[in-house]
file final_30.txt (compact mmCIF, C-alpha atoms and all ligand atoms)
# COMPACT_ATOMS: atom_id res chain seq x y z
CA MET F 270 -14.93 -5.81 3.67
CA ARG F 271 -14.94 -7.05 7.25
CA ASP F 272 -16.39 -10.42 6.16
CA LEU F 273 -13.56 -10.90 3.67
CA ILE F 274 -10.92 -9.87 6.22
CA GLU F 275 -12.33 -12.35 8.75
CA ALA F 276 -12.44 -15.13 6.14
CA LEU F 277 -8.80 -14.52 5.21
CA CYS F 278 -7.86 -14.51 8.91
CA SER F 279 -9.85 -17.68 9.71
CA ALA F 280 -8.28 -20.70 11.40
CA ASP F 281 -8.63 -22.66 8.11
CA CYS F 282 -6.38 -20.18 6.27
CA ALA F 283 -3.78 -20.72 9.03
CA GLY F 284 -1.87 -17.51 8.29
CA ARG F 285 -1.93 -17.88 4.46
CA ALA F 286 1.72 -18.86 3.95
CA ALA F 287 2.60 -19.02 0.24
CA GLY F 288 2.54 -22.61 -1.00
CA SER F 289 0.59 -23.95 2.02
CA SER F 290 -2.95 -25.39 2.02
CA GLY F 291 -4.02 -22.29 3.98
CA GLY F 292 -2.49 -20.16 1.25
CA ARG F 293 -4.44 -22.07 -1.41
CA LEU F 294 -7.67 -21.63 0.55
CA ALA F 295 -6.97 -17.89 0.85
CA ARG F 296 -6.44 -17.74 -2.92
CA ALA F 297 -9.81 -19.43 -3.51
CA ILE F 298 -11.44 -16.93 -1.12
CA VAL F 299 -9.89 -13.98 -3.00
CA SER F 300 -10.94 -15.40 -6.40
CA ASP F 301 -14.46 -15.94 -5.15
CA ALA F 302 -14.60 -12.37 -3.76
CA PHE F 303 -13.50 -10.99 -7.15
CA VAL F 304 -16.23 -13.04 -8.91
CA LYS F 305 -18.85 -11.74 -6.46
CA ALA F 306 -17.59 -8.20 -7.17
CA GLY F 307 -18.42 -8.72 -10.85
CA LEU F 308 -14.89 -9.53 -12.12
CA LYS F 309 -13.32 -12.46 -13.95
CA PRO F 310 -10.18 -13.38 -11.97
CA GLU F 311 -7.34 -15.46 -13.40
CA GLU F 312 -4.47 -17.13 -11.59
CA GLN F 313 -0.85 -16.51 -12.49
CA LEU F 314 1.46 -19.21 -11.17
CA VAL F 315 4.40 -18.12 -9.03
CA PRO F 316 6.77 -21.14 -9.07
CA GLY F 317 9.32 -19.45 -6.78
CA CYS F 318 6.98 -19.51 -3.78
CA LYS F 319 4.82 -22.44 -5.00
CA GLY F 320 1.81 -20.12 -5.09
CA ALA F 321 -0.13 -17.94 -7.49
CA ASN F 322 -1.24 -14.36 -7.99
CA VAL F 323 -4.92 -13.60 -8.57
CA LEU F 324 -5.41 -11.03 -11.33
CA ALA F 325 -8.56 -9.30 -12.60
CA SER F 326 -9.02 -6.36 -14.93
CA VAL F 327 -11.58 -3.68 -15.71
CA ALA F 328 -11.36 -2.11 -19.16
CA GLY F 329 -11.32 1.65 -19.59
CA ASP F 330 -11.46 3.32 -23.00
CA GLY F 331 -7.74 4.02 -23.47
CA PRO F 332 -4.69 1.94 -24.43
CA ARG F 333 -2.75 2.21 -21.16
CA TRP F 334 -3.06 0.82 -17.64
CA VAL F 335 -3.06 1.49 -13.90
CA LEU F 336 -2.23 -1.52 -11.69
CA VAL F 337 -3.38 -1.74 -8.08
CA GLY F 338 -1.90 -4.55 -5.99
CA ALA F 339 -1.96 -6.00 -2.48
CA HIS F 340 -0.35 -9.21 -1.26
CA TYR F 341 -2.72 -11.77 0.25
CA ASP F 342 -0.14 -14.13 1.76
CA HIS F 343 1.12 -13.87 5.33
CA LEU F 344 3.52 -15.64 7.69
CA GLY F 345 1.54 -18.85 8.24
CA THR F 346 2.19 -20.79 11.43
CA HIS F 347 5.28 -21.21 13.58
CA GLY F 348 4.89 -24.06 16.06
CA SER F 349 1.54 -23.53 17.76
CA LYS F 350 1.48 -19.84 16.83
CA VAL F 351 -0.81 -18.70 14.00
CA PHE F 352 -0.05 -15.38 12.35
CA HIS F 353 -3.40 -14.14 11.03
CA GLY F 354 -2.20 -10.97 9.30
CA ALA F 355 -5.38 -8.88 9.47
CA ASP F 356 -3.55 -5.59 8.86
CA ASP F 357 -0.83 -7.45 6.91
CA ASN F 358 -2.45 -7.73 4.50
CA ALA F 359 -6.06 -8.95 4.60
CA ALA F 360 -7.36 -5.37 5.00
CA ALA F 361 -5.61 -4.23 1.80
CA VAL F 362 -7.01 -7.23 -0.12
CA ALA F 363 -10.50 -6.26 1.04
CA VAL F 364 -9.90 -2.68 -0.17
CA LEU F 365 -8.63 -4.09 -3.50
CA VAL F 366 -11.79 -6.16 -4.00
CA GLU F 367 -13.95 -3.17 -3.03
CA LEU F 368 -12.15 -1.10 -5.67
CA GLY F 369 -12.87 -3.86 -8.18
CA ARG F 370 -16.56 -3.83 -7.25
CA ALA F 371 -16.81 -0.06 -7.76
CA LEU F 372 -14.96 -0.17 -11.09
CA ALA F 373 -16.95 -3.16 -12.39
CA ALA F 374 -20.16 -1.22 -11.68
CA LYS F 375 -18.84 1.93 -13.36
CA PRO F 376 -15.73 1.42 -15.53
CA PRO F 377 -12.94 4.00 -15.43
CA LYS F 378 -12.57 6.70 -18.08
CA GLY F 379 -9.23 6.49 -19.91
CA ARG F 380 -6.81 3.86 -18.66
CA SER F 381 -7.84 0.30 -17.81
CA VAL F 382 -7.23 -1.07 -14.31
CA LEU F 383 -5.49 -4.31 -13.44
CA LEU F 384 -6.15 -5.57 -9.92
CA ALA F 385 -3.50 -7.89 -8.51
CA ALA F 386 -3.68 -9.93 -5.32
CA PHE F 387 -0.06 -11.01 -5.04
CA ASP F 388 1.29 -14.15 -3.39
CA GLY F 389 4.71 -14.59 -1.77
CA GLU F 390 5.39 -11.10 -0.43
CA GLU F 391 6.32 -12.19 3.09
CA PRO F 392 9.62 -13.69 4.33
CA PRO F 393 11.40 -15.78 3.14
CA HIS F 394 10.32 -14.48 -0.29
CA TYR F 395 10.39 -10.68 0.15
CA MET F 396 12.83 -8.80 -2.03
CA SER F 397 13.55 -11.97 -4.04
CA GLU F 398 12.45 -13.28 -7.43
CA ALA F 399 10.07 -15.67 -5.62
CA MET F 400 7.73 -12.78 -4.80
CA GLY F 401 4.43 -12.84 -6.68
CA SER F 402 4.98 -9.22 -7.71
CA ALA F 403 8.50 -10.06 -9.02
CA GLN F 404 6.98 -12.94 -10.99
CA PHE F 405 4.43 -10.53 -12.46
CA CYS F 406 7.23 -8.18 -13.56
CA ALA F 407 9.17 -11.11 -15.08
CA THR F 408 6.12 -12.44 -16.96
CA PRO F 409 3.70 -9.50 -17.12
CA THR F 410 0.17 -10.06 -18.42
CA VAL F 411 0.20 -6.39 -19.51
CA PRO F 412 3.50 -5.00 -20.93
CA LEU F 413 5.22 -3.03 -18.16
CA GLN F 414 5.77 -0.12 -20.60
CA GLU F 415 1.97 0.25 -20.79
CA LEU F 416 1.66 0.82 -17.01
CA ASP F 417 1.32 4.48 -16.04
CA LEU F 418 1.12 3.68 -12.32
CA MET F 419 1.49 0.76 -9.95
CA VAL F 420 -0.11 1.26 -6.54
CA SER F 421 0.85 -1.18 -3.78
CA MET F 422 -1.14 -1.35 -0.55
CA ASP F 423 0.44 -2.80 2.58
CA LEU F 424 -0.66 -2.34 6.24
CA VAL F 425 -3.65 -0.10 5.45
CA GLY F 426 -6.04 -1.45 8.11
CA HIS F 427 -5.04 0.27 11.33
CA ALA F 428 -5.27 3.65 13.00
CA VAL F 429 -1.88 5.32 13.47
CA GLY F 430 -0.83 5.55 17.13
CA PRO F 431 -2.76 4.98 20.37
CA ALA F 432 -6.42 5.93 20.90
CA VAL F 433 -5.50 9.15 22.78
CA LEU F 434 -4.16 10.71 19.58
CA PRO F 435 -6.32 13.04 17.48
CA PRO F 436 -8.01 11.92 14.22
CA ALA F 437 -5.52 14.01 12.21
CA VAL F 438 -2.86 11.48 13.26
CA ARG F 439 -4.97 8.29 13.60
CA ASN F 440 -6.56 8.74 10.17
CA THR F 441 -3.23 9.16 8.38
CA LEU F 442 -2.48 7.10 5.27
CA PHE F 443 1.02 7.61 3.90
CA ALA F 444 1.53 7.75 0.13
CA LEU F 445 5.15 7.07 -0.75
CA GLY F 446 6.77 7.32 -4.17
CA ALA F 447 4.48 9.77 -5.99
CA GLU F 448 7.61 11.86 -6.63
CA ARG F 449 9.06 9.07 -8.81
CA SER F 450 6.71 9.87 -11.70
CA GLU F 451 5.84 13.16 -13.30
CA GLY F 452 2.60 14.78 -12.12
CA THR F 453 1.53 11.98 -9.77
CA SER F 454 1.94 14.04 -6.57
CA ALA F 455 -0.61 16.54 -7.88
CA VAL F 456 -3.11 13.74 -8.56
CA VAL F 457 -2.66 12.47 -4.97
CA ASP F 458 -3.22 15.97 -3.61
CA SER F 459 -6.34 16.50 -5.75
CA VAL F 460 -8.31 13.72 -4.01
CA SER F 461 -9.70 13.86 -0.49
CA VAL F 462 -12.45 12.07 1.42
CA PRO F 463 -13.79 12.54 4.98
CA GLY F 464 -12.16 10.36 7.64
CA LEU F 465 -8.78 9.97 5.91
CA VAL F 466 -5.70 12.20 5.76
CA VAL F 467 -3.34 11.19 2.95
CA ARG F 468 0.20 12.43 3.58
CA ARG F 469 2.91 12.12 0.95
CA ALA F 470 6.48 11.07 1.64
CA ASP F 471 9.52 10.12 -0.40
CA ALA F 472 9.81 6.43 -1.36
CA GLU F 473 13.16 6.19 0.40
CA VAL F 474 11.97 7.10 3.92
CA ILE F 475 11.60 3.34 4.51
CA PRO F 476 13.25 0.29 2.88
CA PRO F 477 11.36 -0.96 -0.24
CA LEU F 478 9.76 -3.90 1.60
CA SER F 479 6.58 -4.39 -0.42
CA ASP F 480 5.26 -5.26 -3.87
CA HIS F 481 6.19 -1.89 -5.38
CA TRP F 482 9.86 -2.91 -5.24
CA PRO F 483 10.05 -4.99 -8.49
CA PHE F 484 8.09 -2.28 -10.34
CA TRP F 485 10.39 0.46 -9.03
CA ARG F 486 13.36 -1.65 -10.19
CA ALA F 487 11.76 -1.84 -13.67
CA SER F 488 11.24 1.98 -13.76
CA VAL F 489 7.43 1.70 -13.68
CA PRO F 490 5.76 4.69 -11.95
CA PHE F 491 4.73 3.42 -8.51
CA MET F 492 3.31 4.35 -5.13
CA LEU F 493 3.05 2.60 -1.77
CA LEU F 494 0.00 3.27 0.40
CA THR F 495 0.62 2.32 4.03
CA CYS F 496 -0.24 3.27 7.61
CA GLY F 497 3.26 2.10 8.64
CA ARG F 498 4.34 -0.63 11.02
CA TRP F 499 2.49 -0.78 14.36
CA GLU F 500 2.70 -2.71 17.62
CA HIS F 501 0.97 -5.78 16.09
CA TYR F 502 3.22 -5.90 12.99
CA HIS F 503 4.24 -9.53 12.29
CA ALA F 504 2.78 -10.56 15.66
CA VAL F 505 0.07 -13.11 16.50
CA THR F 506 -1.99 -10.18 17.77
CA ASP F 507 -2.52 -8.81 14.22
CA THR F 508 -6.19 -9.85 14.26
CA PRO F 509 -9.41 -8.46 12.69
CA ASP F 510 -10.78 -7.07 15.98
CA ARG F 511 -7.90 -4.57 16.18
CA LEU F 512 -8.51 -2.90 12.81
CA ASP F 513 -10.11 0.49 12.18
CA TYR F 514 -13.05 -0.28 9.88
CA ALA F 515 -14.17 3.33 9.43
CA LYS F 516 -10.66 4.15 8.21
CA ILE F 517 -10.62 1.11 5.91
CA ALA F 518 -13.93 2.25 4.39
CA ALA F 519 -12.53 5.76 3.90
CA THR F 520 -9.40 4.28 2.31
CA ALA F 521 -11.51 2.34 -0.20
CA LYS F 522 -13.41 5.53 -1.10
CA TRP F 523 -10.19 7.51 -1.47
CA LEU F 524 -8.56 4.80 -3.57
CA GLU F 525 -11.52 4.61 -5.95
CA ALA F 526 -11.47 8.39 -6.50
CA PHE F 527 -7.68 8.38 -6.85
CA VAL F 528 -7.62 5.50 -9.34
CA ARG F 529 -10.34 7.14 -11.44
CA ALA F 530 -8.28 10.35 -11.47
CA ALA F 531 -5.09 8.43 -12.36
CA CYS F 532 -6.93 6.65 -15.19
CA ALA F 533 -8.29 9.92 -16.58
CA ARG F 534 -4.92 11.76 -16.60
CA PRO F 535 -4.53 13.62 -19.90
CA GLU F 536 -0.87 12.68 -20.50
CA VAL F 537 -0.30 10.14 -23.28
CA LYS F 538 2.25 8.42 -21.03
CA VAL F 539 3.28 9.08 -17.42
CA ARG F 540 7.05 9.29 -17.14
CA PHE F 541 9.10 7.61 -14.42
CA THR F 542 11.71 9.88 -12.84
CA ASN F 543 14.43 9.51 -10.24
CA ALA F 544 13.33 12.73 -8.51
CA ARG F 545 13.45 12.86 -4.69
CA ASP F 546 11.02 14.77 -2.53
CA ASP F 547 12.36 15.20 0.98
CA VAL F 548 10.28 18.37 1.42
CA SER F 549 7.03 16.37 1.25
CA SER F 550 8.36 13.82 3.76
CA LEU F 551 9.34 16.61 6.15
CA ARG F 552 6.07 18.51 5.73
CA SER F 553 4.17 15.29 6.55
CA ILE F 554 6.42 14.68 9.56
CA ILE F 555 5.93 18.25 10.76
CA ALA F 556 2.14 18.03 10.40
CA VAL F 557 2.02 14.80 12.45
CA LEU F 558 4.47 16.08 15.10
CA SER F 559 2.53 19.33 15.49
CA GLU F 560 -0.48 17.21 16.48
CA LEU F 561 1.65 15.14 18.87
CA GLN F 562 3.21 18.07 20.75
CA ALA F 563 0.31 18.23 23.18
CA VAL F 564 0.84 14.62 24.32
CA SER F 565 4.60 14.13 23.98
CA GLU F 566 7.62 16.19 24.99
CA LEU F 567 9.76 14.19 22.57
CA ALA F 568 7.57 15.41 19.71
CA ALA F 569 8.79 18.98 20.24
CA VAL F 570 12.42 17.84 19.95
CA ALA F 571 11.71 15.90 16.76
CA LEU F 572 9.69 18.82 15.40
CA ALA F 573 12.66 21.15 15.78
CA GLN F 574 14.86 18.61 13.96
CA ALA F 575 12.33 18.27 11.13
CA GLU F 576 12.08 22.04 10.73
CA GLU F 577 15.86 22.34 10.60
CA LEU F 578 16.04 19.59 7.94
CA LEU F 579 13.29 21.31 5.94
CA GLU F 580 15.24 24.58 5.93
CA GLY F 581 18.26 22.68 4.60
CA CYS F 582 16.42 21.35 1.53
CA ASP F 583 17.38 22.80 -1.87
CA GLU F 584 15.00 24.32 -4.45
CA ARG F 585 14.32 20.86 -5.98
CA GLY F 586 13.01 19.67 -2.59
CA VAL F 587 16.07 17.51 -1.86
CA SER F 588 17.79 17.29 1.52
CA PRO F 589 21.61 17.05 1.61
CA VAL F 590 21.15 14.49 4.44
CA PRO F 591 18.29 12.17 3.32
CA LYS F 592 19.46 9.51 5.81
CA ARG F 593 18.55 11.85 8.66
CA VAL F 594 15.06 12.28 7.20
CA ALA F 595 14.62 8.48 7.04
CA GLU F 596 15.99 8.12 10.60
CA LEU F 597 13.48 10.67 11.86
CA VAL F 598 10.64 8.80 10.10
CA GLY F 599 11.86 5.56 11.70
CA GLN F 600 11.92 7.13 15.15
CA ILE F 601 8.39 8.51 14.77
CA GLU F 602 7.10 5.16 13.42
CA SER F 603 8.56 3.34 16.46
CA ALA F 604 7.26 5.97 18.89
CA LEU F 605 3.74 5.72 17.44
CA ALA F 606 3.80 1.91 17.53
ZN ZN C 701 4.34 -8.45 6.25
call {"tool": "encode", "arguments": {"input": "final_30.txt", "output": "structure tokens", "more": "lines below"}}
Ligand SMILES: [Zn+2]
result
Amino acid sequence: MRDLIEALCSADCAGRAAGSSGGRLARAIVSDAFVKAGLKPEEQLVPGCKGANVLASVAGDGPRWVLVGAHYDHLGTHGSKVFHGADDNAAAVAVLVELGRALAAKPPKGRSVLLAAFDGEEPPHYMSEAMGSAQFCATPTVPLQELDLMVSMDLVGHAVGPAVLPPAVRNTLFALGAERSEGTSAVVDSVSVPGLVVRRADAEVIPPLSDHWPFWRASVPFMLLTCGRWEHYHAVTDTPDRLDYAKIAATAKWLEAFVRAACARPEVKVRFTNARDDVSSLRSIIAVLSELQAVSELAAVALAQAEELLEGCDERGVSPVPKRVAELVGQIESALA
């Protein structure tokens, strides 16, 4: 995975801006990596950003699908500055290819898996129809009604917080949005691997700034896997040497087990819901803050706030003040960065 991350972050890819020659080179590198993983990738043109998605599938033995996606584009260059985007989002593309390799070697039981390396996620395209993921939803290669889950990965390459923090914090991977489909939270909770702590949170604790957004809009069950924004987010310092490779390896293992479990779910169809789950967000916040108390006095203050918000949640797990939950998440994300 490190080789692929370094290739995508090479000087020749020049930050992989959608529609640029560096972006086209990155696309060729992703296609080639899929081929070497035993898959048959196809390109889907994305006219809005003058780029293309790279799609590959692995057949299961059922009629429905799970889609796993990660954008491969990044910010390109600005003047003499090159934005390499190792964490955003070369690491997730490497995890995606690794998932493809594992599934090609041993196909999933039940649902088939569509792997999507999306173009055009970054500004100026994000949250517009020019996004590769929005293009996919507009012209899907698999009918959207046949998707039982869309998993988007964004910023999954780094440890959370500075090196002084314990593994329980550093090894955190947040899973957002499982509450928006029936039974998906239980599948997330059923999978664990050493070296990674997956913590669930409601999709609305952050703005919908990744490839899950067009799927969410189309009422497709979705999840976002992310380690959150960090100090190198959208900075020239987001380089391969700063990533946590043990965590990336653990993430690939977790994702493979999770996707196999999602494929094998017994339901005929997984239903999208508008349910909220502030309780899971707050429990995740409380678990992280409990670890931080020893190193930060502010953590104790935030912990008291989180516990108060948790007590205020109703029996459906919904807070009467979800904005305060999101604000608390934002404060912790900034503090950890
Ligand atoms: Zn980004």
call {"tool": "closest_residue", "arguments": {"input": "final_30.txt", "among": "F:Val315, F:Ile601, F:Ala286, F:Val564", "to": "ligand ZN 701 (chain C)", "atoms": "all atoms listed in the file"}}
result
F:Ala286
call {"tool": "residues_near_ligand", "arguments": {"input": "final_30.txt", "ligand": "ligand ZN 701 (chain C)", "cutoff": "12 Å", "atoms": "only C-alpha atoms and all ligand atoms", "output": "JSON, numbers by chain"}}
result
{"F": [284, 285, 286, 339, 340, 341, 342, 343, 344, 345, 352, 353, 354, 355, 356, 357, 358, 359, 361, 388, 389, 390, 391, 392, 393, 394, 395, 396, 422, 423, 424, 425, 478, 479, 480, 495, 497, 498, 499, 501, 502, 503, 504, 507]}
call {"tool": "closest_residue", "arguments": {"input": "final_30.txt", "among": "F:Leu578, F:Ala595, F:Leu416, F:Cys278", "to": "Arg333 (chain F)", "atoms": "only C-alpha atoms"}}
result
F:Leu416
call {"tool": "closest_residue", "arguments": {"input": "final_30.txt", "among": "F:Asp547, F:Leu384, F:Gly369, F:Ala374", "to": "Leu445 (chain F)", "atoms": "only C-alpha atoms"}}
result
F:Asp547
call {"tool": "closest_atom_pairs", "arguments": {"input": "final_30.txt", "of": "region 296-340 of chain F", "to": "region 518-528 of chain F", "cutoff": "12 Å", "atoms": "all atoms listed in the file", "output": "JSON lines"}}
result
{"residue": "F:Val327", "atom": "CA", "partner": "F:Val528", "partner_atom": "CA", "distance": 11.9}
{"residue": "F:Gly329", "atom": "CA", "partner": "F:Val528", "partner_atom": "CA", "distance": 11.6}
{"residue": "F:Trp334", "atom": "CA", "partner": "F:Val528", "partner_atom": "CA", "distance": 10.6}
{"residue": "F:Val335", "atom": "CA", "partner": "F:Val528", "partner_atom": "CA", "distance": 7.6}
{"residue": "F:Leu336", "atom": "CA", "partner": "F:Val528", "partner_atom": "CA", "distance": 9.2}
{"residue": "F:Val337", "atom": "CA", "partner": "F:Val528", "partner_atom": "CA", "distance": 8.5}
{"residue": "F:Gly338", "atom": "CA", "partner": "F:Leu524", "partner_atom": "CA", "distance": 11.7}
call {"tool": "atom_distance", "arguments": {"input": "final_30.txt", "atom1": "CA of Val489 (chain F)", "atom2": "CA of Arg293 (chain F)"}}
result
29.3 Å
